[in-house]
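Data file: work_2.cif. Format and content: mmCIF, C-alpha atoms, pLDDT in the B column; chains and numbers go by the auth columns.
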```cif
data_run
loop_
_atom_site.group_PDB
_atom_site.id
_atom_site.type_symbol
_atom_site.label_atom_id
_atom_site.label_comp_id
_atom_site.label_asym_id
_atom_site.label_seq_id
_atom_site.Cartn_x
_atom_site.Cartn_y
_atom_site.Cartn_z
_atom_site.B_iso_or_equiv
_atom_site.auth_seq_id
_atom_site.auth_asym_id
ATOM 1 C CA MET A 1 -7.359 143.840 144.689 31.00 268 A
ATOM 2 C CA SER A 2 -4.107 143.072 142.944 48.00 269 A
ATOM 3 C CA ASP A 3 -5.504 144.213 139.659 61.00 270 A
ATOM 4 C CA ARG A 4 -8.312 146.608 140.405 75.00 271 A
ATOM 5 C CA ILE A 5 -10.220 148.888 142.703 82.00 272 A
ATOM 6 C CA GLU A 6 -13.991 148.878 142.260 87.00 273 A
ATOM 7 C CA LYS A 7 -16.479 151.342 143.642 90.00 274 A
ATOM 8 C CA SER A 8 -20.126 151.990 143.054 91.00 275 A
ATOM 9 C CA ILE A 9 -22.394 154.693 144.320 92.00 276 A
ATOM 10 C CA GLU A 10 -26.084 155.587 144.029 93.00 277 A
ATOM 11 C CA LEU A 11 -26.602 159.201 143.059 93.00 278 A
ATOM 12 C CA LYS A 12 -29.936 160.937 143.357 93.00 279 A
ATOM 13 C CA ALA A 13 -29.461 162.817 140.117 93.00 280 A
ATOM 14 C CA PRO A 14 -30.343 162.034 136.497 94.00 281 A
ATOM 15 C CA VAL A 15 -27.791 160.282 134.293 95.00 282 A
ATOM 16 C CA SER A 16 -27.407 163.436 132.187 95.00 283 A
ATOM 17 C CA ARG A 17 -26.452 165.443 135.286 94.00 284 A
ATOM 18 C CA VAL A 18 -23.872 162.863 136.404 94.00 285 A
ATOM 19 C CA TRP A 19 -22.460 162.632 132.878 95.00 286 A
ATOM 20 C CA ARG A 20 -21.891 166.382 132.850 94.00 287 A
ATOM 21 C CA ALA A 21 -20.241 166.314 136.289 94.00 288 A
ATOM 22 C CA LEU A 22 -17.834 163.657 135.017 94.00 289 A
ATOM 23 C CA THR A 23 -16.997 164.943 131.565 96.00 290 A
ATOM 24 C CA ASP A 24 -17.245 168.730 131.702 95.00 291 A
ATOM 25 C CA TYR A 25 -13.680 169.604 132.669 96.00 292 A
ATOM 26 C CA ARG A 26 -14.698 172.461 134.944 95.00 293 A
ATOM 27 C CA GLU A 27 -17.302 170.379 136.758 93.00 294 A
ATOM 28 C CA PHE A 28 -14.914 167.426 137.049 93.00 295 A
ATOM 29 C CA GLY A 29 -12.308 169.757 138.528 92.00 296 A
ATOM 30 C CA THR A 30 -14.745 171.016 141.149 91.00 297 A
ATOM 31 C CA TRP A 31 -15.381 167.700 142.863 91.00 298 A
ATOM 32 C CA PHE A 32 -12.131 165.962 141.947 89.00 299 A
ATOM 33 C CA GLY A 33 -9.986 168.815 143.200 87.00 300 A
ATOM 34 C CA VAL A 34 -8.005 169.809 140.117 89.00 301 A
ATOM 35 C CA THR A 35 -7.847 172.903 137.909 93.00 302 A
ATOM 36 C CA LEU A 36 -7.846 171.475 134.382 95.00 303 A
ATOM 37 C CA GLU A 37 -6.453 173.490 131.491 95.00 304 A
ATOM 38 C CA GLY A 38 -8.869 172.276 128.831 95.00 305 A
ATOM 39 C CA PRO A 39 -11.741 169.942 127.971 97.00 306 A
ATOM 40 C CA PHE A 40 -11.695 166.151 127.843 98.00 307 A
ATOM 41 C CA ALA A 41 -11.581 164.579 124.367 97.00 308 A
ATOM 42 C CA PRO A 42 -10.931 160.947 123.374 97.00 309 A
ATOM 43 C CA GLY A 43 -7.265 160.332 122.605 95.00 310 A
ATOM 44 C CA LYS A 44 -6.243 163.661 124.102 96.00 311 A
ATOM 45 C CA VAL A 45 -4.255 164.400 127.229 94.00 312 A
ATOM 46 C CA ALA A 46 -5.992 166.513 129.863 95.00 313 A
ATOM 47 C CA GLY A 47 -3.923 168.045 132.612 92.00 314 A
ATOM 48 C CA GLY A 48 -3.928 170.599 135.361 91.00 315 A
ATOM 49 C CA ARG A 49 -2.846 171.538 138.837 87.00 316 A
ATOM 50 C CA ILE A 50 -4.048 169.525 141.818 83.00 317 A
ATOM 51 C CA ASN A 51 -5.823 171.778 144.306 81.00 318 A
ATOM 52 C CA HIS A 52 -4.540 170.548 147.599 71.00 319 A
ATOM 53 C CA PRO A 53 -2.348 172.462 150.047 67.00 320 A
ATOM 54 C CA GLU A 54 -0.067 169.448 150.573 63.00 321 A
ATOM 55 C CA CYS A 55 0.387 168.846 146.878 57.00 322 A
ATOM 56 C CA GLY A 56 2.163 172.083 145.934 62.00 323 A
ATOM 57 C CA GLN A 57 3.435 171.596 142.393 67.00 324 A
ATOM 58 C CA LEU A 58 1.687 168.317 141.728 74.00 325 A
ATOM 59 C CA ARG A 59 -0.026 167.803 138.420 80.00 326 A
ATOM 60 C CA PHE A 60 -2.975 165.722 137.391 85.00 327 A
ATOM 61 C CA GLU A 61 -2.628 164.272 133.919 88.00 328 A
ATOM 62 C CA CYS A 62 -4.692 161.681 132.112 92.00 329 A
ATOM 63 C CA THR A 63 -5.268 160.441 128.562 93.00 330 A
ATOM 64 C CA VAL A 64 -8.949 160.153 127.722 96.00 331 A
ATOM 65 C CA GLN A 65 -9.823 156.771 126.209 96.00 332 A
ATOM 66 C CA LYS A 66 -13.580 156.592 125.701 96.00 333 A
ATOM 67 C CA MET A 67 -16.485 158.996 125.942 98.00 334 A
ATOM 68 C CA GLU A 68 -19.763 157.199 125.178 98.00 335 A
ATOM 69 C CA PRO A 69 -22.402 159.767 126.161 98.00 336 A
ATOM 70 C CA GLU A 70 -24.246 159.009 129.396 97.00 337 A
ATOM 71 C CA ARG A 71 -22.758 155.525 129.519 98.00 338 A
ATOM 72 C CA LEU A 72 -18.976 155.300 129.732 98.00 339 A
ATOM 73 C CA PHE A 73 -16.108 157.700 130.428 97.00 340 A
ATOM 74 C CA SER A 74 -12.585 156.287 130.735 96.00 341 A
ATOM 75 C CA PHE A 75 -9.030 157.511 130.965 95.00 342 A
ATOM 76 C CA THR A 76 -5.565 156.173 131.673 91.00 343 A
ATOM 77 C CA TRP A 77 -3.149 157.806 134.091 86.00 344 A
ATOM 78 C CA HIS A 78 -0.148 157.119 136.225 75.00 345 A
ATOM 79 C CA PRO A 79 -1.723 156.334 139.569 67.00 346 A
ATOM 80 C CA TYR A 80 0.610 158.637 141.454 55.00 347 A
ATOM 81 C CA ALA A 81 0.554 162.351 141.921 48.00 348 A
ATOM 82 C CA LYS A 82 3.279 163.986 139.880 48.00 349 A
ATOM 83 C CA ASP A 83 6.673 164.855 141.218 56.00 350 A
ATOM 84 C CA PRO A 84 7.900 167.333 138.564 60.00 351 A
ATOM 85 C CA LYS A 85 11.467 166.017 138.859 62.00 352 A
ATOM 86 C CA TYR A 86 10.542 162.362 138.481 58.00 353 A
ATOM 87 C CA ASP A 87 10.179 160.633 135.122 60.00 354 A
ATOM 88 C CA TYR A 88 7.009 158.555 135.236 59.00 355 A
ATOM 89 C CA SER A 89 6.876 157.753 131.537 61.00 356 A
ATOM 90 C CA LYS A 90 8.105 154.180 131.946 56.00 357 A
ATOM 91 C CA GLU A 91 5.913 153.370 134.894 59.00 358 A
ATOM 92 C CA LEU A 92 2.673 151.544 134.841 63.00 359 A
ATOM 93 C CA GLN A 93 -0.534 153.260 133.883 74.00 360 A
ATOM 94 C CA THR A 94 -3.893 152.306 135.248 81.00 361 A
ATOM 95 C CA LEU A 95 -7.242 152.544 133.492 88.00 362 A
ATOM 96 C CA VAL A 96 -10.077 154.397 135.210 91.00 363 A
ATOM 97 C CA GLU A 97 -13.579 153.627 133.936 95.00 364 A
ATOM 98 C CA PHE A 98 -16.766 155.405 134.995 95.00 365 A
ATOM 99 C CA THR A 99 -19.933 153.539 133.999 97.00 366 A
ATOM 100 C CA LEU A 100 -23.383 155.083 134.399 96.00 367 A
ATOM 101 C CA GLU A 101 -26.669 153.256 134.702 97.00 368 A
ATOM 102 C CA LYS A 102 -30.163 154.707 135.114 97.00 369 A
ATOM 103 C CA THR A 103 -32.025 153.605 138.237 97.00 370 A
ATOM 104 C CA ALA A 104 -35.480 154.295 139.684 96.00 371 A
ATOM 105 C CA THR A 105 -34.086 157.051 141.895 95.00 372 A
ATOM 106 C CA GLY A 106 -31.288 158.437 139.743 95.00 373 A
ATOM 107 C CA THR A 107 -27.971 156.996 138.623 94.00 374 A
ATOM 108 C CA LEU A 108 -25.811 154.066 139.616 95.00 375 A
ATOM 109 C CA LEU A 109 -22.200 155.066 139.038 94.00 376 A
ATOM 110 C CA ARG A 110 -19.487 152.422 138.934 94.00 377 A
ATOM 111 C CA VAL A 111 -15.782 153.268 139.036 92.00 378 A
ATOM 112 C CA VAL A 112 -13.161 150.674 138.231 90.00 379 A
ATOM 113 C CA GLU A 113 -9.450 151.442 138.380 86.00 380 A
ATOM 114 C CA SER A 114 -7.527 148.511 136.937 81.00 381 A
ATOM 115 C CA GLY A 115 -4.027 147.500 135.904 75.00 382 A
ATOM 116 C CA PHE A 116 -2.147 147.854 139.184 69.00 383 A
ATOM 117 C CA ASP A 117 -0.669 144.484 138.587 57.00 384 A
ATOM 118 C CA LYS A 118 0.484 143.992 135.010 55.00 385 A
ATOM 119 C CA ILE A 119 2.270 140.855 135.998 42.00 386 A
ATOM 120 C CA PRO A 120 1.082 137.704 134.224 40.00 387 A
ATOM 121 C CA PRO A 121 -0.324 135.389 136.932 42.00 388 A
ATOM 122 C CA GLY A 122 2.011 132.523 136.057 44.00 389 A
ATOM 123 C CA ARG A 123 5.078 134.666 136.637 40.00 390 A
ATOM 124 C CA ARG A 124 3.969 136.258 139.846 44.00 391 A
ATOM 125 C CA PRO A 125 5.887 135.064 142.875 47.00 392 A
ATOM 126 C CA GLU A 126 3.698 133.675 145.636 44.00 393 A
ATOM 127 C CA ALA A 127 4.751 136.447 147.990 38.00 394 A
ATOM 128 C CA PHE A 128 3.433 139.080 145.614 45.00 395 A
ATOM 129 C CA ARG A 129 -0.123 137.873 145.340 44.00 396 A
ATOM 130 C CA MET A 130 -1.929 140.870 146.626 44.00 397 A
ATOM 131 C CA ASN A 131 -5.505 139.894 146.098 40.00 398 A
ATOM 132 C CA ASP A 132 -6.310 137.771 149.128 39.00 399 A
ATOM 133 C CA ARG A 133 -7.852 140.393 151.348 41.00 400 A
ATOM 134 C CA GLY A 134 -8.511 143.198 148.894 39.00 401 A
ATOM 135 C CA TRP A 135 -11.418 141.661 147.082 36.00 402 A
ATOM 136 C CA SER A 136 -13.491 141.018 150.174 38.00 403 A
ATOM 137 C CA ILE A 137 -12.926 144.596 151.340 44.00 404 A
ATOM 138 C CA GLN A 138 -14.042 145.941 147.988 37.00 405 A
ATOM 139 C CA MET A 139 -17.159 143.795 148.010 37.00 406 A
ATOM 140 C CA GLU A 140 -18.027 145.152 151.454 45.00 407 A
ATOM 141 C CA ASN A 141 -17.508 148.697 150.229 41.00 408 A
ATOM 142 C CA ILE A 142 -19.799 148.151 147.293 33.00 409 A
ATOM 143 C CA ALA A 143 -22.435 146.564 149.484 40.00 410 A
ATOM 144 C CA LYS A 144 -22.126 149.486 151.890 43.00 411 A
ATOM 145 C CA HIS A 145 -22.419 152.065 149.121 38.00 412 A
ATOM 146 C CA VAL A 146 -25.329 150.447 147.396 34.00 413 A
ATOM 147 C CA GLY A 147 -27.104 149.252 150.539 41.00 414 A
ATOM 148 C CA HIS A 148 -26.977 152.556 152.339 38.00 415 A
ATOM 149 C CA GLY A 149 -27.400 154.762 149.320 37.00 416 A
ATOM 150 C CA ARG A 150 -24.079 156.413 149.941 35.00 417 A
ATOM 151 C CA MET B 1 -5.600 162.612 143.479 40.00 208 B
ATOM 152 C CA ALA B 2 -5.202 165.148 146.140 37.00 209 B
ATOM 153 C CA ALA B 3 -3.880 163.695 149.367 39.00 210 B
ATOM 154 C CA ARG B 4 -1.054 161.467 148.138 43.00 211 B
ATOM 155 C CA GLY B 5 1.997 162.876 149.923 47.00 212 B
ATOM 156 C CA SER B 6 4.941 163.459 147.641 47.00 213 B
ATOM 157 C CA ALA B 7 7.789 161.694 149.453 50.00 214 B
ATOM 158 C CA ALA B 8 5.802 158.551 150.115 54.00 215 B
ATOM 159 C CA LEU B 9 4.587 158.634 146.536 51.00 216 B
ATOM 160 C CA LYS B 10 8.037 158.385 145.123 52.00 217 B
ATOM 161 C CA THR B 11 8.727 155.315 147.220 61.00 218 B
ATOM 162 C CA ARG B 12 5.536 153.668 146.073 62.00 219 B
ATOM 163 C CA ALA B 13 6.190 154.667 142.499 61.00 220 B
ATOM 164 C CA SER B 14 9.626 153.078 142.534 68.00 221 B
ATOM 165 C CA LEU B 15 8.226 150.032 144.311 71.00 222 B
ATOM 166 C CA PHE B 16 5.660 149.385 141.599 69.00 223 B
ATOM 167 C CA ALA B 17 8.153 150.252 138.869 68.00 224 B
ATOM 168 C CA ALA B 18 10.579 147.759 140.375 75.00 225 B
ATOM 169 C CA LEU B 19 7.919 145.051 140.193 71.00 226 B
ATOM 170 C CA GLY B 20 7.082 145.773 136.563 67.00 227 B
ATOM 171 C CA ASP B 21 9.948 143.864 134.963 70.00 228 B
ATOM 172 C CA GLU B 22 10.145 140.173 134.062 71.00 229 B
ATOM 173 C CA THR B 23 13.783 139.614 134.991 80.00 230 B
ATOM 174 C CA ARG B 24 13.275 141.221 138.368 82.00 231 B
ATOM 175 C CA LEU B 25 10.169 139.134 138.950 75.00 232 B
ATOM 176 C CA SER B 26 12.052 135.945 138.184 77.00 233 B
ATOM 177 C CA VAL B 27 14.763 137.044 140.633 85.00 234 B
ATOM 178 C CA LEU B 28 12.075 137.696 143.246 81.00 235 B
ATOM 179 C CA ALA B 29 10.509 134.314 142.587 77.00 236 B
ATOM 180 C CA LYS B 30 13.832 132.731 143.571 83.00 237 B
ATOM 181 C CA LEU B 31 13.912 134.819 146.749 84.00 238 B
ATOM 182 C CA SER B 32 10.294 134.309 147.708 77.00 239 B
ATOM 183 C CA ASP B 33 10.997 131.442 150.112 75.00 240 B
ATOM 184 C CA GLY B 34 12.839 133.971 152.293 81.00 241 B
ATOM 185 C CA ALA B 35 16.329 132.460 152.067 88.00 242 B
ATOM 186 C CA PRO B 36 19.181 134.845 151.102 94.00 243 B
ATOM 187 C CA GLN B 37 20.804 133.940 147.768 94.00 244 B
ATOM 188 C CA SER B 38 24.093 134.828 146.103 95.00 245 B
ATOM 189 C CA ILE B 39 24.214 136.669 142.784 94.00 246 B
ATOM 190 C CA ALA B 40 25.658 133.509 141.188 93.00 247 B
ATOM 191 C CA ARG B 41 22.682 131.449 142.378 93.00 248 B
ATOM 192 C CA LEU B 42 20.252 134.105 141.181 93.00 249 B
ATOM 193 C CA THR B 43 21.912 134.163 137.748 93.00 250 B
ATOM 194 C CA ASP B 44 21.716 130.354 137.327 89.00 251 B
ATOM 195 C CA GLY B 45 19.127 129.277 134.814 82.00 252 B
ATOM 196 C CA THR B 46 18.488 132.777 133.444 82.00 253 B
ATOM 197 C CA HIS B 47 19.394 134.020 129.994 86.00 254 B
ATOM 198 C CA VAL B 48 20.907 137.243 131.350 90.00 255 B
ATOM 199 C CA SER B 49 24.411 137.998 132.538 94.00 256 B
ATOM 200 C CA ARG B 50 25.574 138.233 136.106 94.00 257 B
ATOM 201 C CA GLN B 51 26.094 141.965 135.565 95.00 258 B
ATOM 202 C CA ALA B 52 22.505 142.378 134.418 94.00 259 B
ATOM 203 C CA VAL B 53 21.192 140.463 137.430 95.00 260 B
ATOM 204 C CA THR B 54 23.315 142.660 139.692 95.00 261 B
ATOM 205 C CA LYS B 55 21.822 145.757 138.089 93.00 262 B
ATOM 206 C CA HIS B 56 18.290 144.457 138.613 93.00 263 B
ATOM 207 C CA LEU B 57 19.096 143.620 142.226 95.00 264 B
ATOM 208 C CA ARG B 58 20.184 147.221 142.759 93.00 265 B
ATOM 209 C CA VAL B 59 16.873 148.472 141.380 90.00 266 B
ATOM 210 C CA LEU B 60 15.027 146.144 143.760 90.00 267 B
ATOM 211 C CA GLU B 61 17.269 147.210 146.606 92.00 268 B
ATOM 212 C CA ASN B 62 16.664 150.922 145.918 89.00 269 B
ATOM 213 C CA ALA B 63 12.943 150.283 145.913 85.00 270 B
ATOM 214 C CA GLY B 64 13.254 148.489 149.248 88.00 271 B
ATOM 215 C CA VAL B 65 12.039 145.153 147.881 86.00 272 B
ATOM 216 C CA VAL B 66 15.297 143.302 148.616 92.00 273 B
ATOM 217 C CA ARG B 67 18.284 143.962 150.844 94.00 274 B
ATOM 218 C CA SER B 68 21.847 142.683 150.767 95.00 275 B
ATOM 219 C CA VAL B 69 23.357 140.673 153.591 94.00 276 B
ATOM 220 C CA ARG B 70 26.966 139.572 154.048 93.00 277 B
ATOM 221 C CA ALA B 71 27.767 135.894 154.320 89.00 278 B
ATOM 222 C CA GLY B 72 31.506 135.666 154.858 91.00 279 B
ATOM 223 C CA ARG B 73 33.118 137.116 151.733 90.00 280 B
ATOM 224 C CA GLU B 74 29.943 136.842 149.754 91.00 281 B
ATOM 225 C CA THR B 75 27.073 139.294 149.324 93.00 282 B
ATOM 226 C CA ARG B 76 23.650 137.698 149.309 96.00 283 B
ATOM 227 C CA PHE B 77 20.229 139.174 148.740 96.00 284 B
ATOM 228 C CA GLU B 78 16.979 138.560 150.556 92.00 285 B
ATOM 229 C CA ILE B 79 13.415 139.738 150.117 87.00 286 B
ATOM 230 C CA VAL B 80 11.920 142.447 152.397 86.00 287 B
ATOM 231 C CA PRO B 81 8.383 141.256 153.217 78.00 288 B
ATOM 232 C CA LYS B 82 7.392 144.702 154.538 79.00 289 B
ATOM 233 C CA SER B 83 7.604 146.125 151.015 78.00 290 B
ATOM 234 C CA ILE B 84 4.739 143.880 149.952 67.00 291 B
ATOM 235 C CA ASP B 85 2.631 145.154 152.837 69.00 292 B
ATOM 236 C CA GLN B 86 3.359 148.694 151.646 72.00 293 B
ATOM 237 C CA ALA B 87 2.077 147.865 148.187 69.00 294 B
ATOM 238 C CA ARG B 88 -1.148 146.615 149.782 68.00 295 B
ATOM 239 C CA ASP B 89 -1.456 149.708 151.961 74.00 296 B
ATOM 240 C CA TRP B 90 -0.949 151.901 148.932 72.00 297 B
ATOM 241 C CA LEU B 91 -3.874 150.283 147.137 73.00 298 B
ATOM 242 C CA ASP B 92 -5.969 150.729 150.275 78.00 299 B
ATOM 243 C CA ASP B 93 -5.057 154.444 150.221 78.00 300 B
ATOM 244 C CA ILE B 94 -6.169 154.832 146.627 79.00 301 B
ATOM 245 C CA SER B 95 -9.368 153.027 147.480 83.00 302 B
ATOM 246 C CA ARG B 96 -10.085 155.484 150.301 86.00 303 B
ATOM 247 C CA GLN B 97 -9.319 158.438 148.042 85.00 304 B
ATOM 248 C CA TRP B 98 -11.897 157.211 145.578 89.00 305 B
ATOM 249 C CA ASP B 99 -14.378 157.017 148.461 91.00 306 B
ATOM 250 C CA ASP B 100 -13.646 160.666 149.266 90.00 307 B
ATOM 251 C CA ALA B 101 -13.815 161.813 145.644 92.00 308 B
ATOM 252 C CA LEU B 102 -17.119 160.012 145.099 94.00 309 B
ATOM 253 C CA ALA B 103 -18.581 161.497 148.271 94.00 310 B
ATOM 254 C CA ARG B 104 -17.682 164.950 146.915 95.00 311 B
ATOM 255 C CA LEU B 105 -19.214 164.065 143.550 96.00 312 B
ATOM 256 C CA LYS B 106 -22.370 162.954 145.330 96.00 313 B
ATOM 257 C CA SER B 107 -22.856 166.251 147.128 95.00 314 B
ATOM 258 C CA PHE B 108 -21.921 168.085 143.930 96.00 315 B
ATOM 259 C CA VAL B 109 -24.620 166.477 141.757 96.00 316 B
ATOM 260 C CA GLU B 110 -27.294 166.164 144.430 95.00 317 B
ATOM 261 C CA ASP B 111 -27.212 169.799 145.557 83.00 318 B
#
```
Once more with this new file: its structure as structure tokens, please.
Amino acid sequence: MSDRIEKSIELKAPVSRVWRALTDYREFGTWFGVTLEGPFAPGKVAGGRINHPECGQLRFECTVQKMEPERLFSFTWHPYAKDPKYDYSKELQTLVEFTLEKTATGTLLRVVESGFDKIPPGRRPEAFRMNDRGWSIQMENIAKHVGHGR
Amino acid sequence: MAARGSAALKTRASLFAALGDETRLSVLAKLSDGAPQSIARLTDGTHVSRQAVTKHLRVLENAGVVRSVRAGRETRFEIVPKSIDQARDWLDDISRQWDDALARLKSFVED
């Protein structure tokens, strides 16, 4: 898991419905827990307040990368909630990709968040290899999600 | 996403930021066998000055990745293995938050 987090989930809803839930900024805000100030558009920044009692002033902010209707929605963000007094601009950004696929019962949604480890493998000290246990856990999660229709 | 507590976040943010630099990674590579090293030793074989290495060590120290230890009159630096565990835990947290978000999405679209 040094480089990525992968999830997949079977949804009993048509691809068009899932696409709208992901890319309509009001619908996205409802399940994600954020009040967005405007719609998603490729190349544009979308931001808003995170709706969580513990998060007070924290902001959600992402830059939309791709919107390929009913297939792929992706954005980059700083994978931390925002401390207003902290400058995150130089810190790493991860890429979040939602991929949709039609199935017999609805939609298979895959989420991949990648780029946690921008370190070229050859330069990475042995002690910092973080992928030993992560991958197997992720594979179990995927199997669990897909297998049990969760 | 929602439940990332703010104080812990800053620590994790500085931890990952500390790791995202080539000079600091090469310093860490020299420390990865666990033995404390002097600044002079850590500067050997690099193309950067002793002062620059010292500055990078401070960044790593502030992020909790290394700590300084005294050896007589000399200050040496050693790696803090716990910081690596924290990085792993942080990724596990994000993974769980995606599980929660996707569960909410599921009930949202299936209702």
Evaluate the PyMOL selection byres ((chain A and resi 272) around 7) and report residues as a PDB file with C-alpha atoms, in the frame of the given file:
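Here's the written file selection-v7.pdb:
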```
ATOM      1  CA  MET A 268      -7.359 143.840 144.689  1.00 31.00           C
ATOM      2  CA  ARG A 271      -8.312 146.608 140.405  1.00 75.00           C
ATOM      3  CA  GLU A 273     -13.991 148.878 142.260  1.00 87.00           C
ATOM      4  CA  LYS A 274     -16.479 151.342 143.642  1.00 90.00           C
ATOM      5  CA  VAL A 379     -13.161 150.674 138.231  1.00 90.00           C
ATOM      6  CA  GLU A 380      -9.450 151.442 138.380  1.00 86.00           C
ATOM      7  CA  SER A 381      -7.527 148.511 136.937  1.00 81.00           C
TER       8      SER A 381
ATOM      9  CA  SER B 302      -9.368 153.027 147.480  1.00 83.00           C
TER      10      SER B 302
END
```
Checklist entry - Mind telling me what the PyMOL selection byres ((chain A and resi 335) around 12) catches here, as a list in words? => result Trp286, Leu289, Thr290, Ala308, Pro309, Val331, Gln332, Lys333, Met334, Pro336, Glu337, Arg338, Leu339, Phe340, Ser341, Glu364, Phe365, Thr366 and Leu367 of chain A
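Interatomic distance, atom CA of Asp296 of chain B to atom CA of Arg311 of chain B: 22.8 Å.
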Checklist entry - Do you have the atom CA of Lys279 of chain A-atom CA of Val363 of chain A distance handy? => result 22.4 Å
Checklist entry - Taking the file as shown, what set of residues would the PyMOL selection byres ((chain B and resi 309) around 12) give back, as a ChimeraX atom specification? => result /A:273-278,285,288-289,295,297-300,365,375-378,412,417 /B:208,302-308,310-317
Which centre and which edge lengths, in Å to one decimal, describe the axis-aligned box that holds all listed atoms of segment 242-255 of chain B after 3 Å is added on each side, as AutoDock Vina command-line options?
```
--center_x 21.0 --center_y 133.3 --center_z 141.0 --size_x 15.3 --size_y 14.0 --size_z 28.1
```
